[in-house]
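Just input06.csv here, CSV, N, CA and C atoms:
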```
chain,number,residue,atom,x,y,z
A,1205,MET,N,11.2,7.5,2.2
A,1205,MET,CA,10.6,8.2,1.1
A,1205,MET,C,10.0,7.2,0.1
A,1206,VAL,N,10.8,6.2,-0.2
A,1206,VAL,CA,10.3,5.2,-1.2
A,1206,VAL,C,9.1,4.5,-0.6
A,1207,ALA,N,9.1,4.2,0.7
A,1207,ALA,CA,8.0,3.6,1.3
A,1207,ALA,C,6.7,4.4,1.2
A,1208,LEU,N,6.8,5.7,1.3
A,1208,LEU,CA,5.7,6.6,1.2
A,1208,LEU,C,5.1,6.6,-0.3
A,1209,MET,N,6.0,6.5,-1.2
A,1209,MET,CA,5.6,6.4,-2.6
A,1209,MET,C,4.9,5.1,-2.9
A,1210,ILE,N,5.3,4.0,-2.3
A,1210,ILE,CA,4.7,2.7,-2.5
A,1210,ILE,C,3.3,2.8,-1.9
A,1211,ILE,N,3.2,3.3,-0.6
A,1211,ILE,CA,1.9,3.4,0.0
A,1211,ILE,C,0.9,4.3,-0.8
A,1212,GLU,N,1.4,5.4,-1.4
A,1212,GLU,CA,0.6,6.3,-2.2
A,1212,GLU,C,0.1,5.6,-3.5
A,1213,THR,N,1.0,4.8,-4.0
A,1213,THR,CA,0.6,4.0,-5.2
A,1213,THR,C,-0.5,3.0,-4.9
A,1214,ILE,N,-0.3,2.3,-3.7
A,1214,ILE,CA,-1.4,1.4,-3.3
A,1214,ILE,C,-2.7,2.1,-3.1
A,1215,ARG,N,-2.6,3.2,-2.4
A,1215,ARG,CA,-3.8,4.0,-2.1
A,1215,ARG,C,-4.5,4.4,-3.4
A,1216,GLU,N,-3.8,4.9,-4.4
A,1216,GLU,CA,-4.4,5.3,-5.6
A,1216,GLU,C,-5.1,4.1,-6.3
A,1217,HIS,N,-4.5,2.9,-6.2
A,1217,HIS,CA,-5.1,1.7,-6.8
A,1217,HIS,C,-6.3,1.3,-6.1
A,1218,ILE,N,-6.3,1.4,-4.8
A,1218,ILE,CA,-7.5,1.1,-4.0
A,1218,ILE,C,-8.7,2.0,-4.4
A,1219,LYS,N,-8.4,3.3,-4.6
A,1219,LYS,CA,-9.4,4.3,-5.0
A,1219,LYS,C,-9.9,4.1,-6.3
A,1220,SER,N,-9.1,3.7,-7.3
A,1220,SER,CA,-9.5,3.7,-8.7
A,1220,SER,C,-9.9,2.3,-9.2
A,1221,CYS,N,-9.7,1.3,-8.4
A,1221,CYS,CA,-10.0,-0.1,-9.0
A,1221,CYS,C,-11.4,-0.5,-9.1
A,1222,GLY,N,-12.3,0.3,-8.5
A,1222,GLY,CA,-13.8,0.0,-8.6
A,1222,GLY,C,-14.3,-1.1,-7.7
A,1223,LYS,N,-13.4,-1.5,-6.8
A,1223,LYS,CA,-13.9,-2.5,-5.8
A,1223,LYS,C,-13.9,-1.9,-4.5
A,1224,THR,N,-14.8,-2.5,-3.6
A,1224,THR,CA,-14.9,-2.0,-2.2
A,1224,THR,C,-13.7,-2.5,-1.4
A,1225,ARG,N,-13.4,-1.8,-0.3
A,1225,ARG,CA,-12.4,-2.3,0.6
A,1225,ARG,C,-12.7,-3.6,1.1
A,1226,TYR,N,-14.0,-3.9,1.3
A,1226,TYR,CA,-14.5,-5.2,1.8
A,1226,TYR,C,-14.1,-6.3,0.9
A,1227,ARG,N,-14.3,-6.0,-0.4
A,1227,ARG,CA,-14.0,-7.0,-1.4
A,1227,ARG,C,-12.5,-7.2,-1.6
A,1228,ILE,N,-11.7,-6.1,-1.6
A,1228,ILE,CA,-10.3,-6.2,-1.6
A,1228,ILE,C,-9.8,-7.0,-0.4
A,1229,SER,N,-10.3,-6.8,0.7
A,1229,SER,CA,-9.9,-7.5,2.0
A,1229,SER,C,-10.2,-9.0,1.8
A,1230,LYS,N,-11.3,-9.3,1.3
A,1230,LYS,CA,-11.7,-10.7,1.2
A,1230,LYS,C,-10.8,-11.4,0.1
A,1231,GLU,N,-10.4,-10.7,-0.9
A,1231,GLU,CA,-9.6,-11.3,-2.0
A,1231,GLU,C,-8.1,-11.3,-1.7
A,1232,THR,N,-7.7,-10.5,-0.7
A,1232,THR,CA,-6.2,-10.5,-0.4
A,1232,THR,C,-5.9,-11.0,1.0
A,1233,SER,N,-6.9,-11.2,1.8
A,1233,SER,CA,-6.7,-11.5,3.2
A,1233,SER,C,-6.0,-10.4,4.0
A,1234,VAL,N,-6.1,-9.2,3.5
A,1234,VAL,CA,-5.6,-8.0,4.3
A,1234,VAL,C,-6.8,-7.4,5.0
A,1235,ALA,N,-6.7,-7.2,6.3
A,1235,ALA,CA,-7.9,-6.8,7.1
A,1235,ALA,C,-8.4,-5.5,6.5
A,1236,GLU,N,-9.7,-5.3,6.5
A,1236,GLU,CA,-10.4,-4.1,6.0
A,1236,GLU,C,-9.9,-2.9,6.9
A,1237,ALA,N,-9.7,-3.1,8.1
A,1237,ALA,CA,-9.2,-2.0,9.0
A,1237,ALA,C,-7.8,-1.6,8.5
A,1238,GLN,N,-7.0,-2.5,8.1
A,1238,GLN,CA,-5.7,-2.1,7.6
A,1238,GLN,C,-5.8,-1.3,6.3
A,1239,LEU,N,-6.7,-1.7,5.4
A,1239,LEU,CA,-7.0,-0.9,4.2
A,1239,LEU,C,-7.4,0.5,4.5
A,1240,CYS,N,-8.3,0.6,5.5
A,1240,CYS,CA,-8.8,1.9,6.0
A,1240,CYS,C,-7.6,2.8,6.5
A,1241,ARG,N,-6.7,2.2,7.2
A,1241,ARG,CA,-5.5,2.9,7.7
A,1241,ARG,C,-4.7,3.4,6.6
A,1242,ILE,N,-4.5,2.6,5.6
A,1242,ILE,CA,-3.7,3.0,4.4
A,1242,ILE,C,-4.4,4.1,3.7
A,1243,MET,N,-5.7,4.1,3.6
A,1243,MET,CA,-6.5,5.2,2.9
A,1243,MET,C,-6.4,6.5,3.8
A,1244,GLN,N,-6.1,6.4,5.1
A,1244,GLN,CA,-6.0,7.5,5.9
A,1244,GLN,C,-4.5,8.1,5.9
A,1245,GLY,N,-3.7,7.5,5.1
A,1245,GLY,CA,-2.3,8.0,4.9
A,1245,GLY,C,-1.3,7.3,5.9
A,1246,LYS,N,-1.7,6.3,6.6
A,1246,LYS,CA,-0.8,5.6,7.5
A,1246,LYS,C,-0.1,4.5,6.7
A,1247,THR,N,0.9,4.0,7.3
A,1247,THR,CA,1.7,3.0,6.7
A,1247,THR,C,1.2,1.6,7.0
A,1248,CYS,N,1.9,0.6,6.4
A,1248,CYS,CA,1.5,-0.8,6.6
A,1248,CYS,C,2.8,-1.6,6.7
A,1249,THR,N,2.7,-2.9,7.0
A,1249,THR,CA,3.8,-3.8,7.0
A,1249,THR,C,4.3,-4.1,5.6
A,1250,LEU,N,5.5,-4.6,5.5
A,1250,LEU,CA,6.0,-5.0,4.2
A,1250,LEU,C,5.2,-6.1,3.6
A,1251,GLU,N,4.8,-7.0,4.5
A,1251,GLU,CA,4.0,-8.2,4.0
A,1251,GLU,C,2.6,-7.7,3.4
A,1252,THR,N,2.0,-6.7,4.1
A,1252,THR,CA,0.7,-6.2,3.6
A,1252,THR,C,1.0,-5.5,2.2
A,1253,ALA,N,2.0,-4.7,2.2
A,1253,ALA,CA,2.3,-4.0,0.9
A,1253,ALA,C,2.6,-5.0,-0.2
A,1254,GLU,N,3.3,-6.0,0.1
A,1254,GLU,CA,3.6,-7.0,-1.0
A,1254,GLU,C,2.3,-7.7,-1.5
A,1255,LYS,N,1.4,-8.0,-0.6
A,1255,LYS,CA,0.1,-8.6,-0.9
A,1255,LYS,C,-0.7,-7.7,-1.9
A,1256,LEU,N,-0.7,-6.4,-1.5
A,1256,LEU,CA,-1.5,-5.5,-2.3
A,1256,LEU,C,-0.9,-5.2,-3.6
A,1257,LEU,N,0.5,-5.0,-3.6
A,1257,LEU,CA,1.2,-4.8,-4.9
A,1257,LEU,C,0.9,-6.0,-5.8
A,1258,LYS,N,1.0,-7.2,-5.3
A,1258,LYS,CA,0.7,-8.4,-6.2
A,1258,LYS,C,-0.7,-8.4,-6.6
A,1259,TYR,N,-1.6,-8.1,-5.8
A,1259,TYR,CA,-3.1,-8.1,-6.1
A,1259,TYR,C,-3.4,-7.1,-7.2
A,1260,PHE,N,-2.7,-5.9,-7.2
A,1260,PHE,CA,-3.0,-4.9,-8.2
A,1260,PHE,C,-2.1,-5.1,-9.4
A,1261,GLY,N,-1.2,-6.1,-9.4
A,1261,GLY,CA,-0.3,-6.3,-10.5
A,1261,GLY,C,0.8,-5.3,-10.7
A,1262,ILE,N,1.2,-4.7,-9.6
A,1262,ILE,CA,2.3,-3.7,-9.6
A,1262,ILE,C,3.6,-4.4,-9.3
A,1263,GLU,N,4.6,-4.1,-10.1
A,1263,GLU,CA,5.9,-4.7,-9.9
A,1263,GLU,C,6.9,-3.5,-9.6
A,1264,LEU,N,7.7,-3.7,-8.6
A,1264,LEU,CA,8.7,-2.7,-8.2
A,1264,LEU,C,10.0,-3.0,-9.0
A,1265,VAL,N,10.5,-2.0,-9.6
A,1265,VAL,CA,11.8,-2.1,-10.3
A,1265,VAL,C,12.8,-1.1,-9.8
A,1266,ALA,N,13.9,-1.5,-9.5
A,1266,ALA,CA,15.0,-0.6,-9.0
A,1266,ALA,C,15.6,0.1,-10.2
A,1267,LYS,N,15.7,1.4,-10.0
A,1267,LYS,CA,16.3,2.2,-11.1
A,1267,LYS,C,17.8,2.2,-10.9
A,1268,GLN,N,18.5,2.3,-12.0
A,1268,GLN,CA,20.0,2.4,-11.9
A,1268,GLN,C,20.4,3.8,-11.6
A,1269,GLY,N,21.2,4.0,-10.6
A,1269,GLY,CA,21.6,5.4,-10.3
A,1269,GLY,C,22.8,5.8,-11.2
A,1270,LYS,N,23.1,7.1,-11.2
A,1270,LYS,CA,24.2,7.6,-11.9
A,1270,LYS,C,25.5,7.0,-11.3
A,1271,LYS,N,26.4,6.7,-12.2
A,1271,LYS,CA,27.7,6.2,-11.7
A,1271,LYS,C,28.6,7.4,-11.3
A,1272,ARG,N,29.2,7.2,-10.2
A,1272,ARG,CA,30.1,8.3,-9.8
A,1272,ARG,C,31.5,8.2,-10.5
A,1273,GLY,N,32.1,9.3,-10.7
A,1273,GLY,CA,33.4,9.4,-11.3
A,1273,GLY,C,34.5,8.9,-10.3
A,1274,LYS,N,35.6,8.4,-10.9
A,1274,LYS,CA,36.6,7.9,-10.0
A,1274,LYS,C,37.6,9.0,-9.6
```
Could the structure of this file be written out as structure tokens, please?
Amino acid sequence: MVALMIIETIREHIKSCGKTRYRISKETSVAEAQLCRIMQGKTCTLETAEKLLKYFGIELVAKQGKKRGK
């Protein structure tokens, strides 16, 4: 579920950044075909996700869960 949220976040940034997939591909070294697959709702490798998150300046932060009673 978390992975799908990450992919959706990347997809939204690709759509809204104002750059073409070709340019993003050249600037990140992520294949344009892989960007196309992401835009189609498919997944990507952790390495690809990390490159794109860094490129868009997105930092993942773990939330603290509720503590369970003893």
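Residue nearest Ala1235 of chain A within the list A:Tyr1259, A:Thr1252, A:Thr1247, A:Lys1219: A:Thr1252 [criterion: smallest interatomic distance, only C-alpha atoms].
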- Message: Neighbouring residues of Glu1236 of chain A were defined as those with any atom within 8 Å, considering all atoms listed in the file; residues of the same chain fewer than 4 positions away were excluded. Please report them as a VMD selection string.
- Response: chain A and resid 1225 to 1230 1240 to 1242
- Query: What is the distance between atom N of Leu1257 of chain A and atom CA of Ile1214 of chain A, in Å to one decimal?
  - Reply: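 Atom-to-atom, atom N of Leu1257 of chain A to atom CA of Ile1214 of chain A, that is 6.7 Å.
Interatomic distance, atom N of Glu1263 of chain A against atom CA of Ala1237 of chain A: 23.7 Å.
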- Query: Out of A:Lys1246, A:His1217, A:Thr1224, A:Ser1233, which residue has the shortest atom-to-atom distance to Phe1260 of chain A when counting only C-alpha atoms?
  - Reply: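 The answer is A:His1217, which sits nearest to Phe1260 of chain A.
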- chain A: residues DSSP assigns to helix (DSSP H, G or I), reported as JSON, numbers by chain: {"A": [1206, 1207, 1208, 1209, 1210, 1211, 1212, 1213, 1214, 1215, 1216, 1217, 1218, 1219, 1220, 1225, 1226, 1227, 1228, 1229, 1230, 1231, 1232, 1236, 1237, 1238, 1239, 1240, 1241, 1242, 1243, 1250, 1251, 1252, 1253, 1254, 1255, 1256, 1257, 1258, 1259]}
Write a file of the selected residues as a CSV table (one decimal), keeping the file's coordinate frame, keeping N, CA and C atoms.
```csv
chain,number,residue,atom,x,y,z
A,1206,VAL,N,10.8,6.2,-0.2
A,1206,VAL,CA,10.3,5.2,-1.2
A,1206,VAL,C,9.1,4.5,-0.6
A,1207,ALA,N,9.1,4.2,0.7
A,1207,ALA,CA,8.0,3.6,1.3
A,1207,ALA,C,6.7,4.4,1.2
A,1208,LEU,N,6.8,5.7,1.3
A,1208,LEU,CA,5.7,6.6,1.2
A,1208,LEU,C,5.1,6.6,-0.3
A,1209,MET,N,6.0,6.5,-1.2
A,1209,MET,CA,5.6,6.4,-2.6
A,1209,MET,C,4.9,5.1,-2.9
A,1210,ILE,N,5.3,4.0,-2.3
A,1210,ILE,CA,4.7,2.7,-2.5
A,1210,ILE,C,3.3,2.8,-1.9
A,1211,ILE,N,3.2,3.3,-0.6
A,1211,ILE,CA,1.9,3.4,0.0
A,1211,ILE,C,0.9,4.3,-0.8
A,1212,GLU,N,1.4,5.4,-1.4
A,1212,GLU,CA,0.6,6.3,-2.2
A,1212,GLU,C,0.1,5.6,-3.5
A,1213,THR,N,1.0,4.8,-4.0
A,1213,THR,CA,0.6,4.0,-5.2
A,1213,THR,C,-0.5,3.0,-4.9
A,1214,ILE,N,-0.3,2.3,-3.7
A,1214,ILE,CA,-1.4,1.4,-3.3
A,1214,ILE,C,-2.7,2.1,-3.1
A,1215,ARG,N,-2.6,3.2,-2.4
A,1215,ARG,CA,-3.8,4.0,-2.1
A,1215,ARG,C,-4.5,4.4,-3.4
A,1216,GLU,N,-3.8,4.9,-4.4
A,1216,GLU,CA,-4.4,5.3,-5.6
A,1216,GLU,C,-5.1,4.1,-6.3
A,1217,HIS,N,-4.5,2.9,-6.2
A,1217,HIS,CA,-5.1,1.7,-6.8
A,1217,HIS,C,-6.3,1.3,-6.1
A,1218,ILE,N,-6.3,1.4,-4.8
A,1218,ILE,CA,-7.5,1.1,-4.0
A,1218,ILE,C,-8.7,2.0,-4.4
A,1219,LYS,N,-8.4,3.3,-4.6
A,1219,LYS,CA,-9.4,4.3,-5.0
A,1219,LYS,C,-9.9,4.1,-6.3
A,1220,SER,N,-9.1,3.7,-7.3
A,1220,SER,CA,-9.5,3.7,-8.7
A,1220,SER,C,-9.9,2.3,-9.2
A,1225,ARG,N,-13.4,-1.8,-0.3
A,1225,ARG,CA,-12.4,-2.3,0.6
A,1225,ARG,C,-12.7,-3.6,1.1
A,1226,TYR,N,-14.0,-3.9,1.3
A,1226,TYR,CA,-14.5,-5.2,1.8
A,1226,TYR,C,-14.1,-6.3,0.9
A,1227,ARG,N,-14.3,-6.0,-0.4
A,1227,ARG,CA,-14.0,-7.0,-1.4
A,1227,ARG,C,-12.5,-7.2,-1.6
A,1228,ILE,N,-11.7,-6.1,-1.6
A,1228,ILE,CA,-10.3,-6.2,-1.6
A,1228,ILE,C,-9.8,-7.0,-0.4
A,1229,SER,N,-10.3,-6.8,0.7
A,1229,SER,CA,-9.9,-7.5,2.0
A,1229,SER,C,-10.2,-9.0,1.8
A,1230,LYS,N,-11.3,-9.3,1.3
A,1230,LYS,CA,-11.7,-10.7,1.2
A,1230,LYS,C,-10.8,-11.4,0.1
A,1231,GLU,N,-10.4,-10.7,-0.9
A,1231,GLU,CA,-9.6,-11.3,-2.0
A,1231,GLU,C,-8.1,-11.3,-1.7
A,1232,THR,N,-7.7,-10.5,-0.7
A,1232,THR,CA,-6.2,-10.5,-0.4
A,1232,THR,C,-5.9,-11.0,1.0
A,1236,GLU,N,-9.7,-5.3,6.5
A,1236,GLU,CA,-10.4,-4.1,6.0
A,1236,GLU,C,-9.9,-2.9,6.9
A,1237,ALA,N,-9.7,-3.1,8.1
A,1237,ALA,CA,-9.2,-2.0,9.0
A,1237,ALA,C,-7.8,-1.6,8.5
A,1238,GLN,N,-7.0,-2.5,8.1
A,1238,GLN,CA,-5.7,-2.1,7.6
A,1238,GLN,C,-5.8,-1.3,6.3
A,1239,LEU,N,-6.7,-1.7,5.4
A,1239,LEU,CA,-7.0,-0.9,4.2
A,1239,LEU,C,-7.4,0.5,4.5
A,1240,CYS,N,-8.3,0.6,5.5
A,1240,CYS,CA,-8.8,1.9,6.0
A,1240,CYS,C,-7.6,2.8,6.5
A,1241,ARG,N,-6.7,2.2,7.2
A,1241,ARG,CA,-5.5,2.9,7.7
A,1241,ARG,C,-4.7,3.4,6.6
A,1242,ILE,N,-4.5,2.6,5.6
A,1242,ILE,CA,-3.7,3.0,4.4
A,1242,ILE,C,-4.4,4.1,3.7
A,1243,MET,N,-5.7,4.1,3.6
A,1243,MET,CA,-6.5,5.2,2.9
A,1243,MET,C,-6.4,6.5,3.8
A,1250,LEU,N,5.5,-4.6,5.5
A,1250,LEU,CA,6.0,-5.0,4.2
A,1250,LEU,C,5.2,-6.1,3.6
A,1251,GLU,N,4.8,-7.0,4.5
A,1251,GLU,CA,4.0,-8.2,4.0
A,1251,GLU,C,2.6,-7.7,3.4
A,1252,THR,N,2.0,-6.7,4.1
A,1252,THR,CA,0.7,-6.2,3.6
A,1252,THR,C,1.0,-5.5,2.2
A,1253,ALA,N,2.0,-4.7,2.2
A,1253,ALA,CA,2.3,-4.0,0.9
A,1253,ALA,C,2.6,-5.0,-0.2
A,1254,GLU,N,3.3,-6.0,0.1
A,1254,GLU,CA,3.6,-7.0,-1.0
A,1254,GLU,C,2.3,-7.7,-1.5
A,1255,LYS,N,1.4,-8.0,-0.6
A,1255,LYS,CA,0.1,-8.6,-0.9
A,1255,LYS,C,-0.7,-7.7,-1.9
A,1256,LEU,N,-0.7,-6.4,-1.5
A,1256,LEU,CA,-1.5,-5.5,-2.3
A,1256,LEU,C,-0.9,-5.2,-3.6
A,1257,LEU,N,0.5,-5.0,-3.6
A,1257,LEU,CA,1.2,-4.8,-4.9
A,1257,LEU,C,0.9,-6.0,-5.8
A,1258,LYS,N,1.0,-7.2,-5.3
A,1258,LYS,CA,0.7,-8.4,-6.2
A,1258,LYS,C,-0.7,-8.4,-6.6
A,1259,TYR,N,-1.6,-8.1,-5.8
A,1259,TYR,CA,-3.1,-8.1,-6.1
A,1259,TYR,C,-3.4,-7.1,-7.2
```
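Take the candidates A:Thr1213, A:Gln1268, A:Leu1208, A:Lys1223 and check each one against Leu1256 of chain A using only C-alpha atoms; the shortest distance goes to A:Thr1213.
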- Query: How far is it from atom CA of Val1265 of chain A to atom CA of Leu1239 of chain A, in Å with one decimal?
  - Reply: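 Here the two named atoms are 23.8 Å from each other.
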- Query: Out of A:Val1206, A:Glu1212, A:Cys1221, A:Thr1232, which residue has the shortest atom-to-atom distance to Glu1254 of chain A when counting only C-alpha atoms?
  - Reply: A:Thr1232
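Closest approach to Glu1216 of chain A among A:Leu1264, A:Met1243, A:Ala1253, A:Cys1248 is made by A:Met1243 (distances from only C-alpha atoms).
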- Item | Shortest interatomic distance to Glu1231 of chain A - which of A:Leu1250, A:Gln1244, A:Gly1261, A:Lys1255, counting only C-alpha atoms | A:Lys1255
